[in-house]
Each structure stands twice: as C-alpha cells, then as structure tokens.
Amino acid sequence: MQPWFGDVYEFHLLSSYSYSRFNHVQGGIPQLRSPFNVNLIYFGLDFSPSPEWAIDTDIQFADTTQQNFNFRTAALQARYLWLDDIIGDRVSLATGFNMRLTPTYALHDVSCPSHANFDAELNFSIGKEFEATECWLFRLWGFGAVGHGNRGSPWVRAIVALETNIDDQHKLAFYADGNNGYGRHSHVNTEHFHGYAKIRYKSIDLGFRYGYRLGVWGTLRAEYTRRVLAKAYPSAVNTVTISYLLPFSL
C-alpha cells in the first residue's frame with residue numbers, strides 16, 4: 001500500500017500470524033452469544049520488475065469460531081509509480097489495481113472482510129520521506145481505494161500512517177484504517193451471512209507496529225490494532241499480529 005517500491009528484481013516475502021477477538025457485531029441479528037475468535041495466517045509476495053512497476057500477491061488461511069482452518073482468500077495487484085520523492089520529486093505517488101477471490105464458504109464468516117466472490121479495486125497512495133542522514137527518519141503516507149464486487153454495492157477505504165526509522169534498525173508506525181460500504185442493509189444477519197457486498201457498514205481501526213531489522217535477514221514485527229468505530233460490522237475488535245518480512249533475490 002505504501003508509495004515506495006522495493007529494489008528492482010528484489011522479492012519481499014511477508015509472513016504473518018494474527019489473532020483477533022470480539023464479542024459484538026454492531027447491528028447484528030441475532031447477536032453473538034459468545035466471543036468470536038479469529039486466527040489468520042497471511043503470506044504476501046511483492047516484486048518490482050522496474051523502478052516504476054510493482055506486482056504483489058497474497059494468500060490467507062483462517063481458523064475462526066465460524067470456520068475451521070481453511071483457505072480464506074487470495075489477491076493479485078499491479079501498481080505504477082508516477083512520482084518518487086527519493087529521486088527528487090516533491091512526493092511519491094502510486095496508483096494500482098487489484099483483484100481478490102474469496103470462496104463462498106468464507107463469505108459466510110462475519111469476520112471475513114471480503115464483499116463478494118470477486119472483488120476489484122482501484123487505488124492510490126501518496127507520501128513523503130524526511131531524511132536525517134542516508135536513511136529516512138520519518139515518513140507520512142496515505143492510501144485510498146474504491147472497489148466493487150461481482151454483486152452488491154461499492155465501497156471505499158483509506159489508511160493514513162506515520163512511520164519512524166531509528167538508526168535504520170527500529171521502525172515504528174502509527175496508523176488509522178477506515179472502511180465504508182454503501183450497501184442497502186443496515187443490519188447483519190449473523191446466522192445467514194453472505195459477505196459485506198450489500199451491507200452499509202463503517203469501521204475505523206487504530207494501530208501501532210514495531211519492527212526490528214535483522215540485517216540482511218529482514219525485519220521482525222509486532223503489531224496491535226483496536227477497532228474504535230463500527231457500524232453494521234464487528235465492534236471493539238482487538239488484533240495482535242506477529243510478522244516477518246524477508247527480502248531476497250534470485
């Protein structure tokens with residue numbers, strides 16, 4: 001999502017495990033009778049074939065209160081870098097297009113954020129790095145997207161983040177993540193759920209991430225997010241994530 005790409009011909013593999021828990025679905029009918037637990041495993045791979053182009057893909061597996069461990073969703077994205085503040089432009093600016101496939105059984109899970117079996121988005125990201133020496137000291141960036149599935153109504157989402165880089169080893173990030181769906185229904189049928197394509201939902205999550213760079217072996221990260229606003233969506237969700245980002249070349 002960030003408006004900075006990796007080195008040309010270099011891969012970045014992001015592997016993560018996250019645990020989420022919530023007790024309430026705002027607008028849910030009937031309401032949950034017990035806490036809802038989500039265990040999510042994520043693998044993402046990105047590659048830059050040129051300074052201007054980046055291609056990435058991800059695959060996710062979930063084990064939840066609703067769904068036994070199984071494949072949840074997969075996506076493919078291509079982005080183009082129009083401006084790059086690292087080489088002298090005032091800001092970095094990238095635009096992209098992504099497609100996501102989600103099986104029908106995963107859409108029955110109220111914790112799955114997918115809208116339909118096939119979701120597509122147009123997105124952009126903009127940001128600027130502020131340098132202290134040879135490495136950036138902190139950077140501010142934002143991401144926005146508009147999407148539509150093969151059924152239902154469109155949605156928009158956005159992220160705003162502030163990141164710091166201490167001695168090119170300790171990396172901290174603070175961010176807000178918002179989503180807004182434009183479906184007709186303001187309630188969520190938790191027993192006969194079919195995705196968020198037709199739900200008029202809103203959510204805002206606040207998060208903090210710390211990363212420790214392991215030299216050429218990548219970066220180990222820990223992250224916490226809390227949902228502070230929800231409408232027709234799981235509310236007061238707490239999520240803890242452990243991830244490992246590994247750069248490599250063939």
# chains A, B, ... in the order shown; residues from 1 in each chain; ligands from 1
>>> select_by_dssp(residues="segment 23-196 of chain A", states="strand (DSSP E or B)", output="number ranges by chain")
A: 24-25, 28-29, 36-47, 53-64, 70-83, 92-101, 118-131, 136-149, 155-166, 170-181, 185, 188-189
>>> residues_around(residues="segment 186-199 of chain A", least_positions_apart="4", cutoff="10 Å", atoms="only C-alpha atoms", output="PyMOL selection string")
chain A and resi 25-32+66+102+104-117+119+148-155+180-182+231-234
>>> residues_around(residues="Leu40 of chain A", least_positions_apart="5", cutoff="12 Å", atoms="only C-alpha atoms", output="list in words")
Ser15, Ser16, Tyr17, Ser18, Tyr19, Ser20, Arg21, Ile59, Gln60, Phe61, Ala62, Asp63, Thr64, Thr65, Gln67, Asn68, Phe69, Asn70, Phe71, Arg72, Thr73, Ser111, Cys112, Thr239, Val240, Thr241, Ile242 and Ser243 of chain A
>>> residues_around(residues="Pro247 of chain A", least_positions_apart="5", cutoff="9 Å", atoms="only C-alpha atoms", output="JSON, numbers by chain")
{"A": [6, 10, 11, 12, 13, 14, 216, 217, 218, 219]}
>>> write_last_selection(atoms="all heavy atoms", output="mmCIF file, in the first residue's frame")
data_model
loop_
_atom_site.group_PDB
_atom_site.id
_atom_site.type_symbol
_atom_site.label_atom_id
_atom_site.label_comp_id
_atom_site.auth_asym_id
_atom_site.auth_seq_id
_atom_site.Cartn_x
_atom_site.Cartn_y
_atom_site.Cartn_z
ATOM 1 N N GLY A 6 10.192 -1.623 -3.754
ATOM 2 C CA GLY A 6 11.461 -2.242 -3.421
ATOM 3 C C GLY A 6 12.471 -2.083 -4.545
ATOM 4 O O GLY A 6 12.181 -1.529 -5.614
ATOM 5 N N GLU A 10 14.089 -7.462 -6.843
ATOM 6 C CA GLU A 10 14.139 -7.998 -5.489
ATOM 7 C C GLU A 10 12.736 -8.373 -5.031
ATOM 8 O O GLU A 10 11.795 -7.618 -5.234
ATOM 9 C CB GLU A 10 14.755 -6.986 -4.530
ATOM 10 C CG GLU A 10 14.935 -7.525 -3.110
ATOM 11 C CD GLU A 10 15.631 -6.531 -2.205
ATOM 12 O OE1 GLU A 10 14.996 -5.520 -1.843
ATOM 13 O OE2 GLU A 10 16.805 -6.756 -1.864
ATOM 14 N N PHE A 11 12.614 -9.535 -4.404
ATOM 15 C CA PHE A 11 11.353 -10.001 -3.839
ATOM 16 C C PHE A 11 11.271 -9.623 -2.365
ATOM 17 O O PHE A 11 12.293 -9.501 -1.685
ATOM 18 C CB PHE A 11 11.222 -11.518 -3.969
ATOM 19 C CG PHE A 11 11.087 -12.019 -5.377
ATOM 20 C CD1 PHE A 11 12.215 -12.295 -6.140
ATOM 21 C CD2 PHE A 11 9.839 -12.240 -5.939
ATOM 22 C CE1 PHE A 11 12.094 -12.770 -7.435
ATOM 23 C CE2 PHE A 11 9.705 -12.722 -7.239
ATOM 24 C CZ PHE A 11 10.841 -12.976 -7.984
ATOM 25 N N HIS A 12 10.039 -9.470 -1.875
ATOM 26 C CA HIS A 12 9.792 -9.283 -0.445
ATOM 27 C C HIS A 12 8.680 -10.245 -0.044
ATOM 28 O O HIS A 12 7.566 -10.166 -0.566
ATOM 29 C CB HIS A 12 9.378 -7.851 -0.134
ATOM 30 C CG HIS A 12 10.463 -6.849 -0.328
ATOM 31 N ND1 HIS A 12 10.739 -6.294 -1.556
ATOM 32 C CD2 HIS A 12 11.356 -6.309 0.551
ATOM 33 C CE1 HIS A 12 11.749 -5.450 -1.433
ATOM 34 N NE2 HIS A 12 12.140 -5.440 -0.175
ATOM 35 N N LEU A 13 8.985 -11.148 0.869
ATOM 36 C CA LEU A 13 8.016 -12.126 1.360
ATOM 37 C C LEU A 13 7.587 -11.725 2.766
ATOM 38 O O LEU A 13 8.414 -11.661 3.678
ATOM 39 C CB LEU A 13 8.622 -13.532 1.373
ATOM 40 C CG LEU A 13 7.747 -14.636 1.983
ATOM 41 C CD1 LEU A 13 6.469 -14.840 1.177
ATOM 42 C CD2 LEU A 13 8.536 -15.946 2.092
ATOM 43 N N LEU A 14 6.301 -11.454 2.930
ATOM 44 C CA LEU A 14 5.746 -11.111 4.233
ATOM 45 C C LEU A 14 4.907 -12.280 4.737
ATOM 46 O O LEU A 14 3.916 -12.660 4.099
ATOM 47 C CB LEU A 14 4.893 -9.850 4.142
ATOM 48 C CG LEU A 14 4.195 -9.416 5.438
ATOM 49 C CD1 LEU A 14 5.225 -9.076 6.515
ATOM 50 C CD2 LEU A 14 3.264 -8.233 5.194
ATOM 51 N N VAL A 216 20.551 -8.294 6.935
ATOM 52 C CA VAL A 216 20.130 -8.793 5.617
ATOM 53 C C VAL A 216 19.028 -9.832 5.735
ATOM 54 O O VAL A 216 18.458 -10.254 4.718
ATOM 55 C CB VAL A 216 21.333 -9.387 4.846
ATOM 56 C CG1 VAL A 216 22.379 -8.326 4.593
ATOM 57 C CG2 VAL A 216 21.929 -10.572 5.614
ATOM 58 N N TRP A 217 18.697 -10.253 6.962
ATOM 59 C CA TRP A 217 17.704 -11.305 7.162
ATOM 60 C C TRP A 217 16.290 -10.762 7.305
ATOM 61 O O TRP A 217 15.385 -11.501 7.653
ATOM 62 C CB TRP A 217 18.079 -12.154 8.368
ATOM 63 C CG TRP A 217 19.390 -12.845 8.184
ATOM 64 C CD1 TRP A 217 20.584 -12.523 8.767
ATOM 65 C CD2 TRP A 217 19.655 -13.952 7.320
ATOM 66 N NE1 TRP A 217 21.573 -13.364 8.329
ATOM 67 C CE2 TRP A 217 21.032 -14.253 7.436
ATOM 68 C CE3 TRP A 217 18.871 -14.711 6.449
ATOM 69 C CZ2 TRP A 217 21.634 -15.289 6.721
ATOM 70 C CZ3 TRP A 217 19.461 -15.740 5.733
ATOM 71 C CH2 TRP A 217 20.823 -16.010 5.875
ATOM 72 N N GLY A 218 16.114 -9.475 7.084
ATOM 73 C CA GLY A 218 14.758 -8.936 7.059
ATOM 74 C C GLY A 218 14.372 -8.226 8.333
ATOM 75 O O GLY A 218 15.221 -7.771 9.113
ATOM 76 N N THR A 219 13.058 -8.153 8.584
ATOM 77 C CA THR A 219 12.518 -7.396 9.701
ATOM 78 C C THR A 219 11.452 -8.215 10.422
ATOM 79 O O THR A 219 10.543 -8.757 9.789
ATOM 80 C CB THR A 219 11.897 -6.069 9.218
ATOM 81 O OG1 THR A 219 12.891 -5.309 8.513
ATOM 82 C CG2 THR A 219 11.385 -5.243 10.391
#
>>> atom_distance(atom1="atom CA of Tyr175 of chain A", atom2="atom CA of Gly44 of chain A")
20.0 Å
>>> closest_residue(among="A:Glu134, A:Lys171, A:Ile41, A:Asn98", to="Phe118 of chain A", atoms="only C-alpha atoms")
A:Asn98
>>> closest_residue(among="A:Glu121, A:Phe36, A:Leu101, A:Leu83", to="Val237 of chain A", atoms="only C-alpha atoms")
A:Phe36
>>> select_by_dssp(residues="segment 41-240 of chain A", states="helix (DSSP H, G or I)", output="PyMOL selection string")
chain A and resi 85-87+104-107+215-217
>>> residues_around(residues="Ser92 of chain A", least_positions_apart="3", cutoff="6 Å", atoms="only C-alpha atoms", output="PDB file with C-alpha atoms, in the first residue's frame")
ATOM      1  CA  PRO A   3       4.044   4.674  -2.278  1.00  0.00           C
ATOM      2  CA  LEU A  83       6.380  10.284  -8.678  1.00  0.00           C
ATOM      3  CA  ASP A  84       9.285   9.308  -6.407  1.00  0.00           C
ATOM      4  CA  ASP A  85      10.485  11.681  -3.689  1.00  0.00           C
ATOM      5  CA  ILE A 126       0.867   9.278  -1.685  1.00  0.00           C
ATOM      6  CA  GLY A 127       3.625  10.015   0.805  1.00  0.00           C
TER       7      GLY A 127
END
>>> residues_around(residues="Leu206 of chain A", least_positions_apart="5", cutoff="10 Å", atoms="only C-alpha atoms", output="PyMOL selection string")
chain A and resi 159-161+174-178+224-229
>>> write_last_selection(atoms="all heavy atoms", output="short mmCIF file (atom, residue, chain, number, x, y, z; two decimals), in the first residue's frame")
data_model
loop_
_atom_site.label_atom_id
_atom_site.label_comp_id
_atom_site.auth_asym_id
_atom_site.auth_seq_id
_atom_site.Cartn_x
_atom_site.Cartn_y
_atom_site.Cartn_z
N ILE A 159 -6.23 4.58 4.45
CA ILE A 159 -5.26 4.42 5.53
C ILE A 159 -4.39 5.67 5.58
O ILE A 159 -3.97 6.18 4.53
CB ILE A 159 -4.36 3.18 5.32
CG1 ILE A 159 -5.20 1.90 5.34
CG2 ILE A 159 -3.27 3.11 6.39
CD1 ILE A 159 -4.40 0.65 5.00
N VAL A 160 -4.14 6.17 6.78
CA VAL A 160 -3.18 7.25 7.00
C VAL A 160 -2.18 6.74 8.02
O VAL A 160 -2.56 6.20 9.07
CB VAL A 160 -3.87 8.53 7.51
CG1 VAL A 160 -2.83 9.61 7.80
CG2 VAL A 160 -4.87 9.03 6.48
N ALA A 161 -0.86 6.92 7.73
CA ALA A 161 0.16 6.35 8.61
C ALA A 161 1.33 7.31 8.79
O ALA A 161 1.72 8.03 7.86
CB ALA A 161 0.67 5.02 8.05
N PHE A 174 2.38 4.34 13.38
CA PHE A 174 1.07 4.62 13.95
C PHE A 174 0.12 4.86 12.77
O PHE A 174 0.47 5.63 11.86
CB PHE A 174 1.10 5.85 14.86
CG PHE A 174 2.08 5.75 15.98
CD1 PHE A 174 3.40 6.16 15.80
CD2 PHE A 174 1.70 5.23 17.21
CE1 PHE A 174 4.32 6.06 16.82
CE2 PHE A 174 2.62 5.13 18.24
CZ PHE A 174 3.93 5.55 18.05
N TYR A 175 -1.06 4.25 12.78
CA TYR A 175 -1.92 4.38 11.62
C TYR A 175 -3.39 4.30 11.99
O TYR A 175 -3.77 3.78 13.05
CB TYR A 175 -1.58 3.31 10.57
CG TYR A 175 -1.74 1.89 11.06
CD1 TYR A 175 -2.96 1.22 10.95
CD2 TYR A 175 -0.67 1.21 11.64
CE1 TYR A 175 -3.11 -0.07 11.40
CE2 TYR A 175 -0.81 -0.09 12.09
CZ TYR A 175 -2.03 -0.73 11.97
OH TYR A 175 -2.17 -2.03 12.42
N ALA A 176 -4.21 4.82 11.08
CA ALA A 176 -5.66 4.71 11.16
C ALA A 176 -6.15 4.09 9.86
O ALA A 176 -5.70 4.46 8.77
CB ALA A 176 -6.30 6.08 11.37
N ASP A 177 -7.07 3.14 9.98
CA ASP A 177 -7.57 2.37 8.84
C ASP A 177 -9.10 2.46 8.85
O ASP A 177 -9.74 2.00 9.79
CB ASP A 177 -7.11 0.92 8.97
CG ASP A 177 -7.50 0.06 7.78
OD1 ASP A 177 -8.31 0.51 6.95
OD2 ASP A 177 -7.00 -1.08 7.69
N GLY A 178 -9.67 3.05 7.79
CA GLY A 178 -11.12 3.23 7.73
C GLY A 178 -11.74 2.55 6.52
O GLY A 178 -11.13 2.48 5.45
N TYR A 224 -0.39 -4.16 16.99
CA TYR A 224 -1.66 -4.21 17.72
C TYR A 224 -2.63 -3.22 17.09
O TYR A 224 -2.27 -2.07 16.81
CB TYR A 224 -1.47 -3.87 19.19
CG TYR A 224 -2.79 -3.69 19.92
CD1 TYR A 224 -3.57 -4.79 20.26
CD2 TYR A 224 -3.27 -2.42 20.24
CE1 TYR A 224 -4.78 -4.64 20.91
CE2 TYR A 224 -4.47 -2.25 20.90
CZ TYR A 224 -5.23 -3.36 21.23
OH TYR A 224 -6.44 -3.20 21.86
N THR A 225 -3.87 -3.65 16.86
CA THR A 225 -4.92 -2.76 16.35
C THR A 225 -6.16 -2.89 17.22
O THR A 225 -6.45 -3.97 17.77
CB THR A 225 -5.29 -3.07 14.88
OG1 THR A 225 -5.74 -4.42 14.78
CG2 THR A 225 -4.10 -2.87 13.96
N ARG A 226 -6.89 -1.78 17.30
CA ARG A 226 -8.14 -1.73 18.07
C ARG A 226 -9.19 -1.03 17.23
O ARG A 226 -8.95 0.06 16.70
CB ARG A 226 -7.92 -0.96 19.37
CG ARG A 226 -9.18 -0.57 20.11
CD ARG A 226 -9.83 -1.72 20.82
NE ARG A 226 -11.01 -1.28 21.60
CZ ARG A 226 -11.68 -2.04 22.43
NH1 ARG A 226 -11.31 -3.31 22.61
NH2 ARG A 226 -12.73 -1.58 23.08
N ARG A 227 -10.36 -1.65 17.08
CA ARG A 227 -11.46 -1.02 16.35
C ARG A 227 -12.17 -0.05 17.28
O ARG A 227 -12.71 -0.42 18.31
CB ARG A 227 -12.43 -2.06 15.81
CG ARG A 227 -13.57 -1.47 15.00
CD ARG A 227 -14.12 -2.49 14.02
NE ARG A 227 -13.09 -2.91 13.09
CZ ARG A 227 -13.06 -4.12 12.50
NH1 ARG A 227 -14.03 -5.00 12.76
NH2 ARG A 227 -12.10 -4.45 11.68
N VAL A 228 -12.17 1.22 16.87
CA VAL A 228 -12.75 2.27 17.71
C VAL A 228 -14.10 2.72 17.20
O VAL A 228 -14.81 3.45 17.90
CB VAL A 228 -11.79 3.47 17.81
CG1 VAL A 228 -10.50 3.06 18.51
CG2 VAL A 228 -11.50 4.07 16.43
N LEU A 229 -14.49 2.34 15.99
CA LEU A 229 -15.80 2.68 15.45
C LEU A 229 -16.28 1.54 14.57
O LEU A 229 -15.52 1.00 13.77
CB LEU A 229 -15.75 3.98 14.65
CG LEU A 229 -17.08 4.51 14.08
CD1 LEU A 229 -17.08 6.04 14.04
CD2 LEU A 229 -17.35 3.97 12.67
#
>>> closest_residue(among="A:Gly215, A:Arg184, A:Lys128, A:Asn238", to="Ile87 of chain A", atoms="only C-alpha atoms")
A:Lys128
>>> closest_residue(among="A:Met99, A:Ile55, A:Leu214, A:Leu245", to="Tyr80 of chain A", atoms="only C-alpha atoms")
A:Ile55
>>> residues_around(residues="segment 75-78 of chain A", least_positions_apart="6", cutoff="6 Å", atoms="only C-alpha atoms", output="PDB file with all heavy atoms, in the first residue's frame")
ATOM      1  N   ALA A  54       5.365  -2.397  -9.780  1.00  0.00           N
ATOM      2  CA  ALA A  54       5.421  -3.372  -8.686  1.00  0.00           C
ATOM      3  C   ALA A  54       4.227  -4.307  -8.821  1.00  0.00           C
ATOM      4  O   ALA A  54       3.109  -3.874  -9.114  1.00  0.00           O
ATOM      5  CB  ALA A  54       5.403  -2.686  -7.325  1.00  0.00           C
ATOM      6  N   ILE A  55       4.470  -5.581  -8.593  1.00  0.00           N
ATOM      7  CA  ILE A  55       3.431  -6.608  -8.652  1.00  0.00           C
ATOM      8  C   ILE A  55       3.454  -7.368  -7.331  1.00  0.00           C
ATOM      9  O   ILE A  55       4.526  -7.734  -6.841  1.00  0.00           O
ATOM     10  CB  ILE A  55       3.664  -7.575  -9.829  1.00  0.00           C
ATOM     11  CG1 ILE A  55       3.647  -6.811 -11.160  1.00  0.00           C
ATOM     12  CG2 ILE A  55       2.613  -8.676  -9.838  1.00  0.00           C
ATOM     13  CD1 ILE A  55       4.082  -7.637 -12.341  1.00  0.00           C
ATOM     14  N   ASP A  56       2.301  -7.578  -6.745  1.00  0.00           N
ATOM     15  CA  ASP A  56       2.266  -8.334  -5.489  1.00  0.00           C
ATOM     16  C   ASP A  56       1.038  -9.220  -5.433  1.00  0.00           C
ATOM     17  O   ASP A  56       0.034  -8.976  -6.105  1.00  0.00           O
ATOM     18  CB  ASP A  56       2.325  -7.399  -4.280  1.00  0.00           C
ATOM     19  CG  ASP A  56       1.169  -6.425  -4.222  1.00  0.00           C
ATOM     20  OD1 ASP A  56       1.281  -5.336  -4.802  1.00  0.00           O
ATOM     21  OD2 ASP A  56       0.155  -6.752  -3.580  1.00  0.00           O
ATOM     22  N   THR A  57       1.147 -10.248  -4.614  1.00  0.00           N
ATOM     23  CA  THR A  57       0.063 -11.204  -4.444  1.00  0.00           C
ATOM     24  C   THR A  57       0.015 -11.637  -2.992  1.00  0.00           C
ATOM     25  O   THR A  57       1.007 -11.528  -2.261  1.00  0.00           O
ATOM     26  CB  THR A  57       0.267 -12.433  -5.360  1.00  0.00           C
ATOM     27  OG1 THR A  57      -0.844 -13.317  -5.236  1.00  0.00           O
ATOM     28  CG2 THR A  57       1.533 -13.180  -4.997  1.00  0.00           C
ATOM     29  N   ASP A  58      -1.149 -12.071  -2.531  1.00  0.00           N
ATOM     30  CA  ASP A  58      -1.255 -12.594  -1.173  1.00  0.00           C
ATOM     31  C   ASP A  58      -2.240 -13.746  -1.131  1.00  0.00           C
ATOM     32  O   ASP A  58      -3.107 -13.882  -1.998  1.00  0.00           O
ATOM     33  CB  ASP A  58      -1.644 -11.496  -0.173  1.00  0.00           C
ATOM     34  CG  ASP A  58      -3.102 -11.081  -0.243  1.00  0.00           C
ATOM     35  OD1 ASP A  58      -3.991 -11.935  -0.023  1.00  0.00           O
ATOM     36  OD2 ASP A  58      -3.379  -9.904  -0.499  1.00  0.00           O
ATOM     37  N   GLY A  96      -2.829   1.919  -8.499  1.00  0.00           N
ATOM     38  CA  GLY A  96      -2.840   0.483  -8.712  1.00  0.00           C
ATOM     39  C   GLY A  96      -4.225  -0.082  -8.920  1.00  0.00           C
ATOM     40  O   GLY A  96      -5.242   0.608  -8.778  1.00  0.00           O
ATOM     41  N   PHE A  97      -4.231  -1.358  -9.263  1.00  0.00           N
ATOM     42  CA  PHE A  97      -5.467  -2.116  -9.473  1.00  0.00           C
ATOM     43  C   PHE A  97      -5.269  -3.490  -8.873  1.00  0.00           C
ATOM     44  O   PHE A  97      -4.226  -4.125  -9.065  1.00  0.00           O
ATOM     45  CB  PHE A  97      -5.778  -2.243 -10.966  1.00  0.00           C
ATOM     46  CG  PHE A  97      -6.947  -3.142 -11.272  1.00  0.00           C
ATOM     47  CD1 PHE A  97      -8.250  -2.708 -11.040  1.00  0.00           C
ATOM     48  CD2 PHE A  97      -6.754  -4.413 -11.793  1.00  0.00           C
ATOM     49  CE1 PHE A  97      -9.328  -3.533 -11.318  1.00  0.00           C
ATOM     50  CE2 PHE A  97      -7.825  -5.241 -12.087  1.00  0.00           C
ATOM     51  CZ  PHE A  97      -9.124  -4.794 -11.844  1.00  0.00           C
ATOM     52  N   ASN A  98      -6.260  -3.964  -8.079  1.00  0.00           N
ATOM     53  CA  ASN A  98      -6.146  -5.294  -7.505  1.00  0.00           C
ATOM     54  C   ASN A  98      -7.442  -6.067  -7.654  1.00  0.00           C
ATOM     55  O   ASN A  98      -8.528  -5.482  -7.777  1.00  0.00           O
ATOM     56  CB  ASN A  98      -5.706  -5.242  -6.033  1.00  0.00           C
ATOM     57  CG  ASN A  98      -6.730  -4.574  -5.136  1.00  0.00           C
ATOM     58  OD1 ASN A  98      -7.833  -5.083  -4.944  1.00  0.00           O
ATOM     59  ND2 ASN A  98      -6.367  -3.424  -4.559  1.00  0.00           N
ATOM     60  N   MET A  99      -7.310  -7.389  -7.643  1.00  0.00           N
ATOM     61  CA  MET A  99      -8.427  -8.311  -7.743  1.00  0.00           C
ATOM     62  C   MET A  99      -8.306  -9.336  -6.619  1.00  0.00           C
ATOM     63  O   MET A  99      -7.211  -9.811  -6.337  1.00  0.00           O
ATOM     64  CB  MET A  99      -8.426  -9.030  -9.092  1.00  0.00           C
ATOM     65  CG  MET A  99      -8.518  -8.115 -10.300  1.00  0.00           C
ATOM     66  SD  MET A  99      -8.330  -9.026 -11.868  1.00  0.00           S
ATOM     67  CE  MET A  99      -6.594  -9.511 -11.758  1.00  0.00           C
ATOM     68  N   ARG A 100      -9.440  -9.669  -5.996  1.00  0.00           N
ATOM     69  CA  ARG A 100      -9.440 -10.623  -4.886  1.00  0.00           C
ATOM     70  C   ARG A 100     -10.519 -11.685  -5.101  1.00  0.00           C
ATOM     71  O   ARG A 100     -11.652 -11.366  -5.458  1.00  0.00           O
ATOM     72  CB  ARG A 100      -9.661  -9.900  -3.555  1.00  0.00           C
ATOM     73  CG  ARG A 100      -9.686 -10.843  -2.350  1.00  0.00           C
ATOM     74  CD  ARG A 100      -9.647 -10.080  -1.046  1.00  0.00           C
ATOM     75  NE  ARG A 100      -8.407  -9.315  -0.905  1.00  0.00           N
ATOM     76  CZ  ARG A 100      -7.241  -9.837  -0.521  1.00  0.00           C
ATOM     77  NH1 ARG A 100      -7.164 -11.145  -0.248  1.00  0.00           N
ATOM     78  NH2 ARG A 100      -6.174  -9.077  -0.412  1.00  0.00           N
TER      79      ARG A 100
END
